[in-house]
Structure formats: C-alpha cells, structure tokens
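Student: What follows is the file coords22.pdb, containing PDB, C-alpha atoms:
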```pdb
ATOM      1  CA  MET A  12      10.045  40.661  75.576
ATOM      2  CA  SER A  13       9.286  40.357  71.901
ATOM      3  CA  GLU A  14       5.990  40.356  70.167
ATOM      4  CA  PRO A  15       5.106  37.523  67.849
ATOM      5  CA  VAL A  16       5.408  38.374  64.173
ATOM      6  CA  ALA A  17       2.348  40.170  62.794
ATOM      7  CA  PRO A  18      -0.833  38.439  61.617
ATOM      8  CA  PRO A  19      -0.259  34.679  61.535
ATOM      9  CA  GLU A  20      -1.396  33.984  57.981
ATOM     10  CA  PRO A  21      -2.984  30.542  57.998
ATOM     11  CA  ALA A  22      -1.522  29.465  54.654
ATOM     12  CA  ALA A  23       1.840  31.163  55.096
ATOM     13  CA  PRO A  24       4.734  28.743  54.711
ATOM     14  CA  PRO A  25       6.842  28.523  57.875
ATOM     15  CA  GLY A  26      10.083  28.846  55.938
ATOM     16  CA  PRO A  27      12.158  31.997  55.438
ATOM     17  CA  ALA A  28       9.520  34.611  56.126
ATOM     18  CA  VAL A  29       9.366  36.764  53.021
ATOM     19  CA  SER A  30       6.846  39.248  54.260
ATOM     20  CA  GLN A  31       4.085  40.096  51.803
ATOM     21  CA  PRO A  32       5.014  41.902  48.574
ATOM     22  CA  GLY A  33       7.787  43.906  50.207
ATOM     23  CA  SER A  34      10.890  45.199  48.537
ATOM     24  CA  THR A  35      14.570  44.381  48.381
ATOM     25  CA  ARG A  36      14.954  46.404  51.586
ATOM     26  CA  THR A  37      12.436  44.405  53.648
ATOM     27  CA  GLY A  38      12.704  40.988  55.222
ATOM     28  CA  PRO A  39      16.241  39.580  54.952
ATOM     29  CA  GLY A  40      16.990  42.641  52.833
ATOM     30  CA  ARG A  41      16.654  44.744  55.985
ATOM     31  CA  LEU A  42      19.697  42.989  57.436
ATOM     32  CA  LEU A  43      21.526  43.106  54.125
ATOM     33  CA  VAL A  44      21.026  46.862  53.726
ATOM     34  CA  ALA A  45      22.142  47.405  57.341
ATOM     35  CA  VAL A  46      25.405  45.541  56.798
ATOM     36  CA  TYR A  47      25.972  47.140  53.404
ATOM     37  CA  GLY A  48      25.347  50.566  54.916
ATOM     38  CA  LEU A  49      27.822  49.828  57.680
ATOM     39  CA  PHE A  50      30.486  48.873  55.170
ATOM     40  CA  ALA A  51      29.681  51.797  52.895
ATOM     41  CA  LEU A  52      30.141  54.189  55.799
ATOM     42  CA  SER A  53      33.265  52.650  57.300
ATOM     43  CA  ALA A  54      34.992  51.977  53.972
ATOM     44  CA  SER A  55      34.434  55.513  52.685
ATOM     45  CA  ALA A  56      35.468  57.136  55.963
ATOM     46  CA  ARG A  57      38.571  55.012  56.123
ATOM     47  CA  ALA A  58      39.526  55.566  52.486
ATOM     48  CA  GLY A  59      38.886  59.292  52.842
ATOM     49  CA  VAL A  60      41.193  59.626  55.849
ATOM     50  CA  GLN A  61      43.899  57.468  54.266
ATOM     51  CA  ILE A  62      43.892  59.322  50.953
ATOM     52  CA  ALA A  63      43.795  62.711  52.639
ATOM     53  CA  THR A  64      46.537  62.067  55.193
ATOM     54  CA  LYS A  65      49.015  59.491  53.826
ATOM     55  CA  PHE A  66      48.223  58.701  50.205
ATOM     56  CA  HIS A  67      51.835  57.981  49.191
ATOM     57  CA  HIS A  68      52.278  55.370  51.882
ATOM     58  CA  ALA A  69      50.162  52.792  50.020
ATOM     59  CA  PRO A  70      48.520  54.373  46.953
ATOM     60  CA  VAL A  71      47.249  51.123  45.433
ATOM     61  CA  ALA A  72      45.695  49.958  48.681
ATOM     62  CA  TYR A  73      44.016  53.286  49.328
ATOM     63  CA  LEU A  74      42.636  53.625  45.800
ATOM     64  CA  LEU A  75      41.250  50.097  46.027
ATOM     65  CA  SER A  76      39.692  51.002  49.391
ATOM     66  CA  ALA A  77      38.046  54.003  47.781
ATOM     67  CA  PHE A  78      36.792  51.853  44.905
ATOM     68  CA  ALA A  79      35.372  49.348  47.392
ATOM     69  CA  ALA A  80      33.658  52.215  49.208
ATOM     70  CA  VAL A  81      31.955  53.340  45.988
ATOM     71  CA  VAL A  82      30.762  49.802  45.278
ATOM     72  CA  TYR A  83      29.351  49.482  48.811
ATOM     73  CA  ILE A  84      27.545  52.810  48.542
ATOM     74  CA  LEU A  85      26.073  51.796  45.189
ATOM     75  CA  ALA A  86      24.879  48.451  46.575
ATOM     76  CA  THR A  87      23.383  50.082  49.687
ATOM     77  CA  VAL A  88      21.457  52.669  47.694
ATOM     78  CA  THR A  89      20.210  50.300  44.993
ATOM     79  CA  LEU A  90      19.116  47.643  47.500
ATOM     80  CA  THR A  91      17.240  50.323  49.423
ATOM     81  CA  VAL A  92      15.513  51.725  46.332
ATOM     82  CA  GLY A  93      14.660  48.284  44.967
ATOM     83  CA  SER A  94      13.094  49.246  41.620
ATOM     84  CA  SER A  95      13.831  46.922  38.712
ATOM     85  CA  THR A  96      16.537  49.269  37.406
ATOM     86  CA  ALA A  97      18.026  49.566  40.893
ATOM     87  CA  ARG A  98      18.025  45.781  41.230
ATOM     88  CA  ARG A  99      19.899  45.456  37.963
ATOM     89  CA  ILE A 100      22.542  47.955  39.150
ATOM     90  CA  ALA A 101      22.678  46.106  42.485
ATOM     91  CA  VAL A 102      23.414  42.819  40.698
ATOM     92  CA  VAL A 103      26.261  44.504  38.827
ATOM     93  CA  SER A 104      27.733  46.097  41.961
ATOM     94  CA  CYS A 105      27.456  42.873  43.993
ATOM     95  CA  SER A 106      29.173  41.015  41.152
ATOM     96  CA  ILE A 107      31.965  43.609  40.979
ATOM     97  CA  GLU A 108      32.244  43.346  44.743
ATOM     98  CA  LEU A 109      32.603  39.553  44.642
ATOM     99  CA  ALA A 110      35.128  39.727  41.798
ATOM    100  CA  GLY A 111      36.962  42.508  43.634
ATOM    101  CA  VAL A 112      37.270  40.686  46.930
ATOM    102  CA  LEU A 113      38.513  37.552  45.167
ATOM    103  CA  ALA A 114      40.963  39.423  42.914
ATOM    104  CA  VAL A 115      42.287  41.844  45.530
ATOM    105  CA  GLY A 116      42.369  39.064  48.128
ATOM    106  CA  THR A 117      44.563  36.939  45.892
ATOM    107  CA  TRP A 118      46.672  39.925  44.822
ATOM    108  CA  SER A 119      47.323  40.993  48.416
ATOM    109  CA  LEU A 120      48.527  37.510  49.321
ATOM    110  CA  ALA A 121      50.665  37.057  46.204
ATOM    111  CA  ASP A 122      52.255  40.520  46.277
ATOM    112  CA  PRO A 123      52.212  41.872  49.839
ATOM    113  CA  ALA A 124      54.753  44.588  48.913
ATOM    114  CA  THR A 125      52.053  46.489  47.019
ATOM    115  CA  PHE A 126      49.921  46.551  50.176
ATOM    116  CA  PRO A 127      51.913  48.035  53.071
ATOM    117  CA  ASP A 128      48.522  48.954  54.494
ATOM    118  CA  ALA A 129      45.407  46.806  54.223
ATOM    119  CA  THR A 130      42.316  47.423  52.093
ATOM    120  CA  VAL A 131      38.842  46.188  52.976
ATOM    121  CA  TRP A 132      39.411  43.336  50.525
ATOM    122  CA  SER A 133      42.944  42.336  51.577
ATOM    123  CA  SER A 134      43.260  38.607  52.344
ATOM    124  CA  TYR A 135      39.631  38.147  51.258
ATOM    125  CA  GLY A 136      38.462  40.554  53.926
ATOM    126  CA  SER A 137      40.023  38.668  56.847
ATOM    127  CA  GLY A 138      40.463  41.957  58.746
ATOM    128  CA  TYR A 139      36.687  42.332  58.674
ATOM    129  CA  GLY A 140      35.820  38.779  59.691
ATOM    130  CA  PHE A 141      35.457  37.727  56.032
ATOM    131  CA  VAL A 142      32.181  39.630  55.895
ATOM    132  CA  PRO A 143      33.324  41.301  52.604
ATOM    133  CA  LEU A 144      33.592  37.825  51.064
ATOM    134  CA  VAL A 145      30.217  36.568  52.291
ATOM    135  CA  LEU A 146      28.231  39.765  51.765
ATOM    136  CA  PRO A 147      28.153  39.817  47.924
ATOM    137  CA  VAL A 148      27.162  36.138  47.874
ATOM    138  CA  PHE A 149      24.140  36.819  50.065
ATOM    139  CA  GLY A 150      23.428  39.962  48.083
ATOM    140  CA  LEU A 151      23.353  38.059  44.801
ATOM    141  CA  LEU A 152      21.240  35.251  46.324
ATOM    142  CA  TRP A 153      18.732  37.791  47.616
ATOM    143  CA  LEU A 154      18.618  39.607  44.277
ATOM    144  CA  SER A 155      18.223  36.374  42.307
ATOM    145  CA  ARG A 156      15.158  35.601  44.377
ATOM    146  CA  TRP A 157      13.726  38.934  43.301
ATOM    147  CA  SER A 158      14.424  38.480  39.616
ATOM    148  CA  ARG A 159      12.844  35.027  39.790
ATOM    149  CA  ARG A 160       9.776  36.513  41.408
ATOM    150  CA  ALA A 161       9.555  39.229  38.775
ATOM    151  CA  ARG A 162       9.761  36.601  36.047
ATOM    152  CA  THR A 163       7.007  34.432  37.501
ATOM    153  CA  ARG A 164       4.769  37.436  37.963
ATOM    154  CA  ARG A 165       5.062  38.445  34.312
ATOM    155  CA  PRO A 166       6.340  35.382  32.499
ATOM    156  CA  THR A 167       6.052  36.921  29.046
ATOM    157  CA  ALA A 168       7.778  40.226  29.760
ATOM    158  CA  PRO A 169      11.036  40.084  27.818
ATOM    159  CA  ALA A 170      12.463  43.030  29.742
ATOM    160  CA  ASP A 171      12.818  40.874  32.838
ATOM    161  CA  ARG A 172      15.061  38.386  31.131
ATOM    162  CA  ALA A 173      18.595  38.920  32.296
TER
ATOM    163  CA  MET B 215      48.417  43.773  70.312
ATOM    164  CA  SER B 216      45.228  45.400  71.423
ATOM    165  CA  SER B 217      44.171  45.288  74.993
ATOM    166  CA  VAL B 218      40.910  46.780  76.051
ATOM    167  CA  ASN B 219      41.323  48.437  79.408
ATOM    168  CA  GLY B 220      38.854  49.953  81.720
ATOM    169  CA  ALA B 221      35.459  49.087  83.036
ATOM    170  CA  VAL B 222      33.353  50.990  80.517
ATOM    171  CA  PRO B 223      34.752  49.446  77.313
ATOM    172  CA  THR B 224      34.619  46.006  78.918
ATOM    173  CA  THR B 225      31.005  46.590  79.874
ATOM    174  CA  ILE B 226      30.251  47.741  76.317
ATOM    175  CA  ILE B 227      31.783  44.571  74.907
ATOM    176  CA  VAL B 228      29.828  42.322  77.257
ATOM    177  CA  ALA B 229      26.600  44.281  76.756
ATOM    178  CA  GLY B 230      27.016  44.295  72.982
ATOM    179  CA  LEU B 231      27.591  40.553  72.804
ATOM    180  CA  ALA B 232      24.675  39.876  75.146
ATOM    181  CA  LEU B 233      22.410  42.110  73.049
ATOM    182  CA  ALA B 234      23.544  40.382  69.857
ATOM    183  CA  GLY B 235      22.845  36.975  71.389
ATOM    184  CA  TYR B 236      19.381  38.023  72.522
ATOM    185  CA  ALA B 237      18.656  39.585  69.129
ATOM    186  CA  LEU B 238      19.797  36.511  67.210
ATOM    187  CA  LEU B 239      17.654  34.341  69.464
ATOM    188  CA  THR B 240      14.709  36.609  68.689
ATOM    189  CA  THR B 241      15.373  36.236  64.960
ATOM    190  CA  ALA B 242      15.746  32.479  65.301
ATOM    191  CA  ARG B 243      12.407  32.277  67.139
ATOM    192  CA  ASN B 244      10.786  34.291  64.336
ATOM    193  CA  ARG B 245       9.815  37.160  66.614
ATOM    194  CA  ARG B 246      10.044  40.777  65.632
ATOM    195  CA  MET B 247      11.916  43.288  67.744
ATOM    196  CA  GLY B 248      10.133  44.328  70.904
ATOM    197  CA  VAL B 249      10.621  46.466  73.993
ATOM    198  CA  GLY B 250      13.410  44.250  75.334
ATOM    199  CA  LEU B 251      15.701  44.756  72.364
ATOM    200  CA  LEU B 252      14.880  48.452  72.246
ATOM    201  CA  ALA B 253      15.855  48.780  75.926
ATOM    202  CA  GLY B 254      19.064  46.898  75.208
ATOM    203  CA  LEU B 255      19.894  49.363  72.449
ATOM    204  CA  GLY B 256      19.161  52.191  74.873
ATOM    205  CA  VAL B 257      21.611  50.795  77.434
ATOM    206  CA  LEU B 258      24.238  50.371  74.715
ATOM    207  CA  GLU B 259      23.650  53.951  73.577
ATOM    208  CA  ILE B 260      24.194  55.306  77.100
ATOM    209  CA  LEU B 261      27.361  53.246  77.573
ATOM    210  CA  LEU B 262      28.774  54.436  74.244
ATOM    211  CA  LEU B 263      28.026  58.059  75.150
ATOM    212  CA  VAL B 264      29.825  57.583  78.474
ATOM    213  CA  GLU B 265      32.838  56.122  76.657
ATOM    214  CA  ASP B 266      32.688  59.028  74.216
ATOM    215  CA  GLY B 267      32.822  61.459  77.126
ATOM    216  CA  LEU B 268      35.725  59.657  78.789
ATOM    217  CA  VAL B 269      37.778  59.675  75.593
ATOM    218  CA  ALA B 270      36.922  63.325  74.915
ATOM    219  CA  ALA B 271      38.044  64.242  78.439
ATOM    220  CA  ARG B 272      41.269  62.380  77.814
ATOM    221  CA  LEU B 273      41.782  64.280  74.569
ATOM    222  CA  ALA B 274      41.155  67.605  76.242
ATOM    223  CA  SER B 275      43.685  67.024  79.000
ATOM    224  CA  GLY B 276      46.621  65.424  77.299
ATOM    225  CA  PRO B 277      48.454  64.315  74.164
ATOM    226  CA  HIS B 278      46.636  63.316  70.990
ATOM    227  CA  PRO B 279      46.885  60.044  69.069
ATOM    228  CA  ALA B 280      48.753  59.858  65.754
ATOM    229  CA  SER B 281      45.547  59.231  63.827
ATOM    230  CA  MET B 282      43.439  61.963  65.334
ATOM    231  CA  ALA B 283      41.013  62.135  62.387
ATOM    232  CA  THR B 284      40.180  58.447  62.695
ATOM    233  CA  LEU B 285      39.618  58.727  66.435
ATOM    234  CA  ILE B 286      37.236  61.656  65.955
ATOM    235  CA  GLY B 287      35.431  59.600  63.309
ATOM    236  CA  TYR B 288      34.980  56.767  65.778
ATOM    237  CA  LEU B 289      33.759  59.108  68.499
ATOM    238  CA  ILE B 290      31.108  60.430  66.102
ATOM    239  CA  ALA B 291      30.146  57.001  64.758
ATOM    240  CA  MET B 292      29.841  55.230  68.126
ATOM    241  CA  PRO B 293      26.599  56.786  69.420
ATOM    242  CA  ILE B 294      25.031  56.665  65.940
ATOM    243  CA  VAL B 295      25.194  52.854  65.750
ATOM    244  CA  PRO B 296      22.405  52.002  68.265
ATOM    245  CA  LEU B 297      20.235  54.880  67.002
ATOM    246  CA  ALA B 298      20.535  53.770  63.382
ATOM    247  CA  ALA B 299      19.846  50.154  64.366
ATOM    248  CA  ALA B 300      16.730  51.161  66.324
ATOM    249  CA  PHE B 301      15.432  53.248  63.418
ATOM    250  CA  TRP B 302      16.113  50.650  60.725
ATOM    251  CA  GLY B 303      15.005  47.705  62.874
ATOM    252  CA  LEU B 304      11.704  49.291  63.886
ATOM    253  CA  LEU B 305      10.822  49.844  60.225
ATOM    254  CA  GLU B 306      10.847  46.080  59.751
ATOM    255  CA  ARG B 307       7.709  44.099  60.536
ATOM    256  CA  SER B 308       9.391  40.709  60.546
ATOM    257  CA  ARG B 309      12.103  38.851  62.452
ATOM    258  CA  TRP B 310      14.777  40.626  60.431
ATOM    259  CA  GLY B 311      14.419  43.810  62.463
ATOM    260  CA  ALA B 312      15.913  41.911  65.397
ATOM    261  CA  ALA B 313      18.758  40.798  63.128
ATOM    262  CA  VAL B 314      19.588  44.467  62.534
ATOM    263  CA  VAL B 315      19.850  44.912  66.313
ATOM    264  CA  ALA B 316      22.237  41.945  66.388
ATOM    265  CA  VAL B 317      24.502  43.763  63.936
ATOM    266  CA  ALA B 318      24.644  46.785  66.248
ATOM    267  CA  GLY B 319      25.426  44.507  69.180
ATOM    268  CA  LEU B 320      28.320  42.936  67.294
ATOM    269  CA  VAL B 321      29.628  46.255  65.983
ATOM    270  CA  ALA B 322      29.966  47.744  69.491
ATOM    271  CA  PRO B 323      32.736  45.344  70.656
ATOM    272  CA  VAL B 324      34.547  45.792  67.339
ATOM    273  CA  LEU B 325      34.428  49.557  67.821
ATOM    274  CA  MET B 326      35.929  49.208  71.307
ATOM    275  CA  VAL B 327      38.807  47.026  70.146
ATOM    276  CA  ARG B 328      39.518  49.332  67.195
ATOM    277  CA  LEU B 329      39.323  52.394  69.437
ATOM    278  CA  HIS B 330      42.122  51.041  71.564
ATOM    279  CA  GLN B 331      44.151  50.055  68.521
ATOM    280  CA  ILE B 332      43.891  53.634  67.300
ATOM    281  CA  TRP B 333      44.925  55.047  70.645
ATOM    282  CA  PRO B 334      46.488  52.477  72.991
ATOM    283  CA  VAL B 335      46.948  55.229  75.579
ATOM    284  CA  ILE B 336      43.298  55.006  76.506
ATOM    285  CA  HIS B 337      42.967  53.300  79.837
ATOM    286  CA  VAL B 338      39.640  54.863  80.597
TER
END
```
Would you mind writing the file's structure down as structure tokens?
Tutor:
Amino acid sequence: MSEPVAPPEPAAPPGPAVSQPGSTRTGPGRLLVAVYGLFALSASARAGVQIATKFHHAPVAYLLSAFAAVVYILATVTLTVGSSTARRIAVVSCSIELAGVLAVGTWSLADPATFPDATVWSSYGSGYGFVPLVLPVFGLLWLSRWSRRARTRRPTAPADRA
Amino acid sequence: MSSVNGAVPTTIIVAGLALAGYALLTTARNRRMGVGLLAGLGVLEILLLVEDGLVAARLASGPHPASMATLIGYLIAMPIVPLAAAFWGLLERSRWGAAVVAVAGLVAPVLMVRLHQIWPVIHV
C-alpha cells in the first residue's frame, strides 16, 4: 500500500525524480544521508570501543577506523546541512573518503601484518559489502549535480567555480 | 563461522529481507512510502525489541561475552534502526523515502549475524 508520488507535474521529466528545489538531503540525498549516518554511527562506536579497550592490539587499524569515523560524520552533517559551504566541505570529505578507502584497502592487502584487526576500509571495505568503496562515488556524483545546478542558476558568479 | 540460531533472529532476517524487497520495489515503481512500509517497520521494531529482551535475559542469568561493550552497543542500536528509518523516510516526499526503509530492512539481518558473531553463545 503506497501512495503515488505527490502532484504529477505535467512537464516533469520521468527520469531520476529530483523533487523541486530541494536540498542535498532530499531526493536521492535522503538515501545517501541515511547510509552515511549509519556508517558514521557504526564506525565511531566501533573505533571508540576498540581504542578504549584494546588499542595496543592494532593501533594503526584503530586510528584509521577513528579517522574514517570522523570523515563519515563530516559527510553526514554537511550533506544534511547542504549550504554551499557545507557542499564544498562534503566534496572534500567524500574525496578523502574515496582516497582513504583506496589507499587503506591497498595497504591492508599489501601489508596484512599492520592490520591484525580490520578497519572499515580494509580490503576496500569488503567486510561491509564494499559499501565504503561505492558510497563516496555516489556522494561525489550527487554533489557534482548540485554544483552544476548552482552554476547554471548563476552562471556569472565566480564564487561557484570550483 | 557464524550461525544464527533461534526462531526470533531467523524471523528478523526473513522479515528484514522481505521489507527491503518491498521497499526497493516501491522505490523502483516511483512510489513514496505508505502505510504498508510503515507497518513493516513496526513489525521489525517489535521483533528487534523481543530479541533485545531475550539477549538481556540471557545476560542477566549467565556468563557475559568477551566484548560486552560491543554487545550492549548492538542492543541499544537495534531498536533505533526502524525508528530512525521511519522518521527519516517520512520526511521525504519522493520515492527515496522508501529507499531509506530498504536500508533498515537490510541492516536488520546484518545486525543479527553480527550479534551472533559477538556472542556465539546466544541460541535464543
């Protein structure tokens, strides 16, 4: 039992429904923020417990987990806020996240001795169904759509140029 | 390595996957979340609370797992998942609200498997 999506705009394109003006937290962003929030919560809880209870077991892994947690929190908050400054910070944190998952993923495979315990980004996030690898890509795609929109709305504004 | 035992966790896994399937179908059909998905979240919430109670009873009457802090964290997080999904999904006026429900549906089975990895003793 699901209601049809709100007023059927006659001219609305049938494609990916970007609803009205919206924000980075509406439409597909709603899903993105949900998944980011999930990872922010689970990564910080996990890193917190690991650092508090058995830091010396795998210090590098746990510090990287904590770093990942901070990046996820930053992305969740900035995507939710969605102002132009927040979007810029979100682009940076999604980029760091993508670089991090690729770098740590490679590192964990090349030097498993440094990682007696896994981080969120170990083996490109395979322990989390590779969601950590896919998430920043979707985040950056979603944000690029927004910066494009901002540019077309005010084509002369130099501040919007990346 | 991890075996999920007991009727309640199995039911949660099946219910979660069914809810996720229904929610993804709703998103694919470009419908926003309705009463059906909300009821599904409600059922999931009740099941997770029951599982919470069973594990808490187990904790009260016996030995504790090695990673007690993590288990407590899971017990707290479990019932929050459907509530958060309902809140965040209802705020959305498009198909993507249903997609949020799908995330909750997929998270529930993961939580069950992880719960039993944390404490294999649980045969609730």
Student: Produce a table with one row for each residue of range 223-332 of chain B that has an atom at most 12 Å from any atom of range 135-140 of chain A, each row naming the nearest atom pair and its distance in Å at one decimal; use all atoms listed in the file; arrange rows by chain and rising residue number; format as JSON lines.
Tutor:
```
{"residue": "B:Leu320", "atom": "CA", "partner": "A:Gly140", "partner_atom": "CA", "distance": 11.5}
{"residue": "B:Val321", "atom": "CA", "partner": "A:Tyr139", "partner_atom": "CA", "distance": 10.9}
{"residue": "B:Val324", "atom": "CA", "partner": "A:Tyr139", "partner_atom": "CA", "distance": 9.6}
{"residue": "B:Leu325", "atom": "CA", "partner": "A:Tyr139", "partner_atom": "CA", "distance": 11.9}
{"residue": "B:Arg328", "atom": "CA", "partner": "A:Gly138", "partner_atom": "CA", "distance": 11.3}
```
Student: Hey, what's within 9 Å of Ala313 in chain B if we count all atoms listed in the file and toss same-chain stuff fewer than 3 positions away? As a ChimeraX atom specification, please?
Tutor: /A:39,41-42 /B:234,237-238,240-241,247,303,309-310,316-318
Student: If you keep C-alpha atoms, can you produce a file of those selected residues as a compact mmCIF listing (two decimals), keeping the file's coordinate frame?
Tutor:
```
# COMPACT_ATOMS: atom_id res chain seq x y z
CA PRO A 39 16.24 39.58 54.95
CA ARG A 41 16.65 44.74 55.98
CA LEU A 42 19.70 42.99 57.44
CA ALA B 234 23.54 40.38 69.86
CA ALA B 237 18.66 39.58 69.13
CA LEU B 238 19.80 36.51 67.21
CA THR B 240 14.71 36.61 68.69
CA THR B 241 15.37 36.24 64.96
CA MET B 247 11.92 43.29 67.74
CA GLY B 303 15.00 47.70 62.87
CA ARG B 309 12.10 38.85 62.45
CA TRP B 310 14.78 40.63 60.43
CA ALA B 316 22.24 41.94 66.39
CA VAL B 317 24.50 43.76 63.94
CA ALA B 318 24.64 46.78 66.25
```
Student: When you look at range 281-294 of chain B with a cut-off of 6 Å (counting all atoms listed in the file), what residues show up, excluding the ones that are within fewer than 6 positions of it in the same chain? I need them as a compact mmCIF listing (two decimals) with C-alpha atoms, in the frame of the given file.
Tutor:
```txt
# COMPACT_ATOMS: atom_id res chain seq x y z
CA GLU B 259 23.65 53.95 73.58
CA LEU B 262 28.77 54.44 74.24
CA ASP B 266 32.69 59.03 74.22
```
Student: I'd like the contact shell of Ile107 in chain A - 10 Å cut-off, only C-alpha atoms, skipping same-chain residues fewer than 5 positions apart - returned as an mmCIF file with C-alpha atoms, in the frame of the given file.
Tutor:
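In the end it all went to result-v1.cif:
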```cif
data_model
loop_
_atom_site.group_PDB
_atom_site.id
_atom_site.type_symbol
_atom_site.label_atom_id
_atom_site.label_comp_id
_atom_site.auth_asym_id
_atom_site.auth_seq_id
_atom_site.Cartn_x
_atom_site.Cartn_y
_atom_site.Cartn_z
ATOM 1 C CA ALA A 79 35.372 49.348 47.392
ATOM 2 C CA VAL A 82 30.762 49.802 45.278
ATOM 3 C CA ALA A 101 22.678 46.106 42.485
ATOM 4 C CA VAL A 102 23.414 42.819 40.698
ATOM 5 C CA VAL A 112 37.270 40.686 46.930
ATOM 6 C CA LEU A 113 38.513 37.552 45.167
ATOM 7 C CA PRO A 147 28.153 39.817 47.924
#
```
Student: What are the residues of chain B that have an atom within 6 Å of an atom of chain A, counting only C-alpha atoms, as a PDB file with C-alpha atoms, keeping the file's coordinate frame?
Tutor:
```pdb
ATOM      1  CA  ARG B 245       9.815  37.160  66.614  1.00  0.00           C
ATOM      2  CA  ARG B 246      10.044  40.777  65.632  1.00  0.00           C
ATOM      3  CA  MET B 247      11.916  43.288  67.744  1.00  0.00           C
ATOM      4  CA  GLY B 248      10.133  44.328  70.904  1.00  0.00           C
ATOM      5  CA  GLY B 250      13.410  44.250  75.334  1.00  0.00           C
ATOM      6  CA  SER B 308       9.391  40.709  60.546  1.00  0.00           C
ATOM      7  CA  TRP B 310      14.777  40.626  60.431  1.00  0.00           C
ATOM      8  CA  VAL B 314      19.588  44.467  62.534  1.00  0.00           C
TER       9      VAL B 314
END
```
Student: Please provide as a PyMOL selection string all residues within 6 Å of range 126-130 of chain A, with the sequence filter that same-chain residues fewer than 4 positions apart are discarded (counting only C-alpha atoms).
Tutor: chain A and resi 69+72+76
Student: When distances are computed from all atoms listed in the file, which of A:Val71, A:Ala77, A:Ala161, A:Leu85 shows the smallest separation from Asp122 in chain A?
Tutor: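 For Asp122 in chain A, the nearest of the candidates is A:Val71.
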Student: One number please: CA of Ile84 in chain A to CA of Thr117 in chain A, in Å, one decimal.
Tutor: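 Distance between the two atoms: 23.4 Å.
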Student: From the list A:Val131, A:Val145, A:Val92, A:Leu151, which residue is nearest Ala58 in chain A when using all atoms listed in the file?
Tutor: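 Comparing A:Val131, A:Val145, A:Val92, A:Leu151 against Ala58 in chain A, the winner is A:Val131.
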Student: Please expand the PyMOL selection byres ((chain A and resi 86) around 9) into the concrete residues it hits in this file, giving the result as a PyMOL selection string.
Tutor: chain A and resi 44+47-48+51+81-85+87-91+97+100-105+150
Student: Show me the residues close to (35.5, 50.1, 78.5) - anything with an atom within 10 Å, counting all atoms listed in the file - and format the list as a list in words.
Tutor: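 Those within range, by chain then number, are Val218, Asn219, Gly220, Ala221, Val222, Pro223, Thr224, Thr225, Ile226, Ile227, Val228, Leu261, Leu262, Val264, Glu265, Leu268, Pro323, Met326, Val327, His330, Ile336, His337 and Val338 of chain B.
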Student: With distances taken over all atoms listed in the file, which of B:Val315, B:Ile332, B:Val295, B:Ala280 is nearest to Leu263 in chain B?
Tutor: B:Val295
Student: In Å, how far is it from CA of Arg162 in chain A to CA of Phe149 in chain A?
Tutor: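 One can read the CA of Arg162 in chain A to CA of Phe149 in chain A distance as 20.1 Å.
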Student: Record the distance separating CA of Gly254 in chain B and CA of Gly230 in chain B, expressed in Å with one decimal.
Tutor: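 Rounded to one decimal, the two atoms are 8.7 Å apart.
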Student: Once 3 Å is added on each side, what centre and edge lengths in Å to one decimal does the axis-aligned box around all listed atoms of range 122-132 of chain A have, as lines of an AutoDock Vina configuration file?
Tutor:
```
center_x = 46.8
center_y = 44.7
center_z = 50.4
size_x = 21.9
size_y = 14.4
size_z = 14.2
```
Student: Give me, as an NGL selection string, all polymer residues having an atom no more than 9 Å from Gly256 in chain B, counting all atoms listed in the file and skipping those fewer than 3 positions away in the same chain.
Tutor: :B and (251-253 or 259-261 or 296-297 or 300)
Student: Got time to write the residues from that selection, C-alpha atoms, as a compact mmCIF listing (two decimals), keeping the file's coordinate frame?
Tutor:
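As a result, out-v1.txt now contains:
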```txt
# COMPACT_ATOMS: atom_id res chain seq x y z
CA LEU B 251 15.70 44.76 72.36
CA LEU B 252 14.88 48.45 72.25
CA ALA B 253 15.86 48.78 75.93
CA GLU B 259 23.65 53.95 73.58
CA ILE B 260 24.19 55.31 77.10
CA LEU B 261 27.36 53.25 77.57
CA PRO B 296 22.40 52.00 68.26
CA LEU B 297 20.24 54.88 67.00
CA ALA B 300 16.73 51.16 66.32
```
Student: Using only C-alpha atoms, can you tell me which of A:Phe141, A:Ala114, A:Leu109, A:Ser95 comes closest to Arg159 in chain A?
Tutor: A:Ser95
